[in-house]
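**Student:** The structure file model-v4.cif (mmCIF, C-alpha atoms) is provided below.
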```
data_protein
#
loop_
_atom_site.label_atom_id
_atom_site.label_comp_id
_atom_site.auth_asym_id
_atom_site.auth_seq_id
_atom_site.Cartn_x
_atom_site.Cartn_y
_atom_site.Cartn_z
CA MET U 128 -147.10 70.29 178.63
CA ALA U 129 -148.98 73.54 179.21
CA PHE U 130 -145.71 75.43 179.64
CA TYR U 131 -144.25 73.69 176.61
CA TYR U 132 -147.16 74.78 174.40
CA THR U 133 -147.17 78.30 175.86
CA ALA U 134 -143.46 78.65 175.07
CA ALA U 135 -144.02 77.21 171.58
CA ALA U 136 -146.83 79.71 170.96
CA LEU U 137 -144.64 82.61 172.07
CA ILE U 138 -141.76 81.45 169.87
CA SER U 139 -144.18 81.04 166.95
CA VAL U 140 -145.45 84.61 167.33
CA ILE U 141 -141.89 85.93 167.44
CA LEU U 142 -141.00 83.93 164.32
CA PHE U 143 -144.11 85.26 162.60
CA PHE U 144 -142.90 88.84 163.04
CA LEU U 145 -139.34 87.94 162.03
CA THR U 146 -140.25 86.05 158.87
CA SER U 147 -143.60 87.33 157.61
CA GLU U 148 -143.85 89.97 154.92
CA ASN U 149 -147.33 90.85 156.19
CA LYS U 150 -146.91 91.94 159.83
CA ASP U 151 -150.69 92.19 160.48
CA PHE U 152 -150.97 89.41 163.06
CA LEU U 153 -154.71 89.85 163.69
CA LYS U 154 -155.48 89.67 159.97
CA GLU U 155 -153.51 86.43 159.71
CA LEU U 156 -155.18 85.08 162.84
CA LYS U 157 -158.56 85.38 161.09
CA LYS U 158 -157.37 82.87 158.47
CA ILE U 159 -157.33 80.02 161.00
CA ASN U 160 -159.61 77.12 160.03
CA LYS U 161 -160.62 73.69 161.32
CA ALA U 162 -157.42 72.09 160.04
CA THR U 163 -155.39 74.21 162.47
CA PHE U 164 -157.32 72.86 165.44
CA SER U 165 -157.14 69.30 164.11
CA LEU U 166 -153.38 69.59 163.78
CA ALA U 167 -153.12 71.07 167.29
CA LEU U 168 -155.20 68.21 168.69
CA GLY U 169 -153.05 65.65 166.87
CA CYS U 170 -149.78 67.20 168.09
CA THR U 171 -151.07 67.39 171.65
CA GLY U 172 -152.15 63.75 171.47
CA LEU U 173 -148.73 62.68 170.22
CA ASP U 174 -146.92 64.58 172.95
CA PHE U 175 -149.27 63.25 175.60
CA GLY U 176 -148.60 59.74 174.27
CA TYR U 177 -144.87 60.31 174.70
CA VAL U 178 -145.42 61.49 178.28
CA LEU U 179 -147.48 58.39 179.06
CA ALA U 180 -144.86 56.12 177.48
CA PHE U 181 -142.08 57.70 179.52
CA ARG U 182 -144.14 57.40 182.71
CA ALA U 183 -144.73 53.73 181.92
CA GLY U 184 -140.96 53.21 181.87
CA TRP U 185 -140.22 53.13 178.14
CA GLU U 186 -136.79 54.32 177.08
CA ILE U 187 -136.86 57.71 175.36
CA SER U 188 -135.17 56.51 172.17
CA PHE U 189 -137.33 53.40 171.97
CA ALA U 190 -140.63 55.20 172.51
CA SER U 191 -139.74 57.84 169.93
CA LEU U 192 -138.77 55.23 167.35
CA VAL U 193 -141.92 53.16 167.85
CA CYS U 194 -144.18 56.21 167.70
CA ASN U 195 -142.52 57.58 164.58
CA ILE U 196 -142.83 54.24 162.78
CA LEU U 197 -146.51 54.01 163.65
CA ILE U 198 -147.11 57.64 162.65
CA ALA U 199 -145.35 57.16 159.31
CA VAL U 200 -147.37 54.07 158.47
CA SER U 201 -150.62 55.71 159.63
CA LEU U 202 -150.00 58.77 157.47
CA ILE U 203 -149.79 56.52 154.42
CA PHE U 204 -153.46 55.69 154.88
CA VAL U 205 -154.29 59.37 155.41
CA GLY U 206 -152.50 60.20 152.17
CA LEU U 207 -154.32 57.44 150.31
CA GLY U 208 -157.74 58.19 151.73
CA PHE U 209 -157.83 61.96 151.83
CA TYR U 210 -155.27 63.14 149.30
CA HIS U 211 -155.47 60.32 146.75
CA GLU U 212 -151.72 59.81 146.77
CA ILE U 213 -150.29 56.94 144.78
CA ILE U 214 -148.04 54.28 146.29
CA ASN U 215 -145.35 52.73 144.11
CA LYS U 216 -143.08 49.71 144.63
CA LYS U 217 -140.46 51.76 146.51
CA HIS U 218 -143.13 52.98 148.93
CA VAL U 219 -144.33 49.43 149.54
CA ALA U 220 -140.74 48.33 150.19
CA GLY U 221 -140.27 51.19 152.68
CA ILE U 222 -143.54 50.35 154.43
CA LEU U 223 -142.52 46.71 154.73
CA LEU U 224 -139.10 47.68 156.11
CA CYS U 225 -140.77 49.95 158.68
CA LEU U 226 -143.12 47.19 159.78
CA ILE U 227 -140.34 44.58 159.91
CA GLY U 228 -138.24 46.99 162.00
CA PHE U 229 -141.22 47.61 164.26
CA VAL U 230 -141.65 43.87 164.84
CA LEU U 231 -137.94 43.37 165.46
CA ILE U 232 -137.59 46.15 168.03
CA THR U 233 -140.84 45.45 169.86
CA HIS U 234 -140.86 41.65 170.03
CA ASP U 235 -139.55 41.69 173.62
CA TYR U 236 -142.10 44.29 174.78
CA PHE U 237 -145.35 42.83 173.51
#
```
Starting from the file, lay out its structure as structure tokens.
**Tutor:**
Amino acid sequence: MAFYYTAAALISVILFFLTSENKDFLKELKKINKATFSLALGCTGLDFGYVLAFRAGWEISFASLVCNILIAVSLIFVGLGFYHEIINKKHVAGILLCLIGFVLITHDYF
């Protein structure tokens, strides 16, 4: 994982210089705030969770699907609680379909 994140950081720096109008990297680096570190911690936790799932013998496609369903449903509560997003009937239907799918694909594992 350390190599993965080192490579991702290097690629990100290269992309910064290729796509940014303002090429002052140090000036942009000073704009980093707490949210950046929270996002980094969350991404690292997700990737570490995948590693643990694979080590425990889960299939790659299955682990990814289960994690993405749980992340999607969890982010609904983040959106509601922190960003005051509104959920309509279509959202509720999608949430229910995600949860039904989760139950159907995991009933043999749990």
**Student:** Could you list, as a ChimeraX atom specification, every residue within 12 Å of Asn195 of chain U, counting all atoms listed in the file and ignoring same-chain residues fewer than 4 positions away?
**Tutor:** /U:173-174,176-177,188-191,199-202,225-226,228-229
**Student:** What is the atom CA of Asn149 of chain U-atom CA of Leu137 of chain U distance in Å, reported with one decimal?
**Tutor:**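 Going from atom CA of Asn149 of chain U over to atom CA of Leu137 of chain U covers 18.1 Å.
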**Student:** Rounded to one decimal in Å, what is the spacing between atom CA of Ala129 of chain U and atom CA of Phe175 of chain U?
**Tutor:**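 Result for atom CA of Ala129 of chain U versus atom CA of Phe175 of chain U: 10.9 Å, one decimal.
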**Student:** Can you sort out the box for segment 214-230 of chain U, edges along x, y and z, all listed atoms in, 4 Å on every side, with centre and edge lengths in Å to one decimal, as lines of an AutoDock Vina configuration file?
**Tutor:**
```
center_x = -143.1
center_y = 49.1
center_z = 154.5
size_x = 17.8
size_y = 18.4
size_z = 28.7
```
**Student:** Got a sec to resolve the PyMOL selection byres ((chain U and resi 203) around 12) on this structure and send the residues as a list in words?
**Tutor:**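 Selected by the PyMOL selection byres ((chain U and resi 203) around 12) in this file: Ile196, Leu197, Ile198, Ala199, Val200, Ser201, Leu202, Phe204, Val205, Gly206, Leu207, Gly208, Phe209, Tyr210, His211, Glu212, Ile213, Ile214, Asn215, His218, Val219, Gly221, Ile222 and Cys225 of chain U.
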**Student:** Closest to Val178 of chain U among U:Ala136, U:Cys194, U:Ile232, U:Ile159, using all atoms listed in the file?
**Tutor:** U:Cys194
**Student:** Between atom CA of Ala135 of chain U and atom CA of Ala180 of chain U, what is the distance, to one decimal in Å?
**Tutor:**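 For atom CA of Ala135 of chain U relative to atom CA of Ala180 of chain U, the distance reads 21.9 Å.
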**Student:** Find the residue from U:Asn160, U:Thr146, U:Met128, U:His234 that sits nearest to Leu179 of chain U; use all atoms listed in the file when measuring.
**Tutor:**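 When distances to Leu179 of chain U are compared using all atoms listed in the file, the smallest one comes from U:Met128.
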**Student:** Go through U:Ser147, U:Phe181, U:Thr171, U:Lys161 one by one, measure the shortest atom-to-atom distance of each to Tyr131 of chain U using all atoms listed in the file, and give the residue with the smallest value.
**Tutor:**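 Of U:Ser147, U:Phe181, U:Thr171, U:Lys161, the one nearest Tyr131 of chain U is U:Thr171, counting all atoms listed in the file.
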**Student:** I need segment 150-209 of chain U from the structure I supplied, saved as an mmCIF file, in the first residue's frame with C-alpha atoms retained.
**Tutor:**
```cif
data_model
loop_
_atom_site.group_PDB
_atom_site.id
_atom_site.type_symbol
_atom_site.label_atom_id
_atom_site.label_comp_id
_atom_site.auth_asym_id
_atom_site.auth_seq_id
_atom_site.Cartn_x
_atom_site.Cartn_y
_atom_site.Cartn_z
ATOM 1 C CA LYS U 150 2.019 26.062 -11.781
ATOM 2 C CA ASP U 151 3.051 27.270 -8.289
ATOM 3 C CA PHE U 152 2.939 23.920 -6.500
ATOM 4 C CA LEU U 153 4.075 25.245 -3.115
ATOM 5 C CA LYS U 154 1.410 27.963 -3.149
ATOM 6 C CA GLU U 155 -1.258 25.360 -3.870
ATOM 7 C CA LEU U 156 0.163 23.060 -1.201
ATOM 8 C CA LYS U 157 -0.498 25.773 1.403
ATOM 9 C CA LYS U 158 -4.230 25.529 0.627
ATOM 10 C CA ILE U 159 -4.468 22.035 2.129
ATOM 11 C CA ASN U 160 -6.950 21.812 5.014
ATOM 12 C CA LYS U 161 -8.357 19.215 7.416
ATOM 13 C CA ALA U 162 -10.719 17.822 4.779
ATOM 14 C CA THR U 163 -7.732 16.680 2.709
ATOM 15 C CA PHE U 164 -6.395 14.599 5.577
ATOM 16 C CA SER U 165 -9.852 13.227 6.378
ATOM 17 C CA LEU U 166 -10.270 12.136 2.770
ATOM 18 C CA ALA U 167 -6.795 10.572 2.776
ATOM 19 C CA LEU U 168 -7.608 8.676 5.968
ATOM 20 C CA GLY U 169 -10.912 7.471 4.517
ATOM 21 C CA CYS U 170 -9.304 6.309 1.250
ATOM 22 C CA THR U 171 -6.541 4.521 3.128
ATOM 23 C CA GLY U 172 -9.115 2.821 5.349
ATOM 24 C CA LEU U 173 -11.100 1.652 2.333
ATOM 25 C CA ASP U 174 -8.035 0.260 0.604
ATOM 26 C CA PHE U 175 -6.865 -1.434 3.781
ATOM 27 C CA GLY U 176 -10.338 -2.967 4.113
ATOM 28 C CA TYR U 177 -10.026 -4.387 0.600
ATOM 29 C CA VAL U 178 -6.627 -5.867 1.467
ATOM 30 C CA LEU U 179 -8.049 -7.495 4.596
ATOM 31 C CA ALA U 180 -11.028 -8.866 2.661
ATOM 32 C CA PHE U 181 -8.771 -10.381 0.007
ATOM 33 C CA ARG U 182 -6.525 -11.906 2.681
ATOM 34 C CA ALA U 183 -9.600 -13.408 4.328
ATOM 35 C CA GLY U 184 -10.399 -15.187 1.064
ATOM 36 C CA TRP U 185 -13.148 -13.004 -0.388
ATOM 37 C CA GLU U 186 -13.415 -12.908 -4.163
ATOM 38 C CA ILE U 187 -12.229 -9.614 -5.650
ATOM 39 C CA SER U 188 -15.489 -8.865 -7.456
ATOM 40 C CA PHE U 189 -17.597 -9.792 -4.442
ATOM 41 C CA ALA U 190 -15.603 -7.736 -1.947
ATOM 42 C CA SER U 191 -15.649 -4.713 -4.234
ATOM 43 C CA LEU U 192 -19.406 -4.957 -4.769
ATOM 44 C CA VAL U 193 -20.183 -5.327 -1.065
ATOM 45 C CA CYS U 194 -17.898 -2.441 -0.102
ATOM 46 C CA ASN U 195 -19.301 -0.134 -2.765
ATOM 47 C CA ILE U 196 -22.885 -0.852 -1.706
ATOM 48 C CA LEU U 197 -22.048 -0.125 1.925
ATOM 49 C CA ILE U 198 -20.131 3.034 0.985
ATOM 50 C CA ALA U 199 -23.004 4.306 -1.168
ATOM 51 C CA VAL U 200 -25.563 3.769 1.574
ATOM 52 C CA SER U 201 -23.252 5.286 4.214
ATOM 53 C CA LEU U 202 -22.677 8.398 2.110
ATOM 54 C CA ILE U 203 -26.424 8.991 2.051
ATOM 55 C CA PHE U 204 -26.305 9.621 5.780
ATOM 56 C CA VAL U 205 -23.252 11.861 5.366
ATOM 57 C CA GLY U 206 -25.134 13.868 2.748
ATOM 58 C CA LEU U 207 -28.192 14.140 4.971
ATOM 59 C CA GLY U 208 -26.310 14.998 8.135
ATOM 60 C CA PHE U 209 -23.572 17.302 6.927
#
```
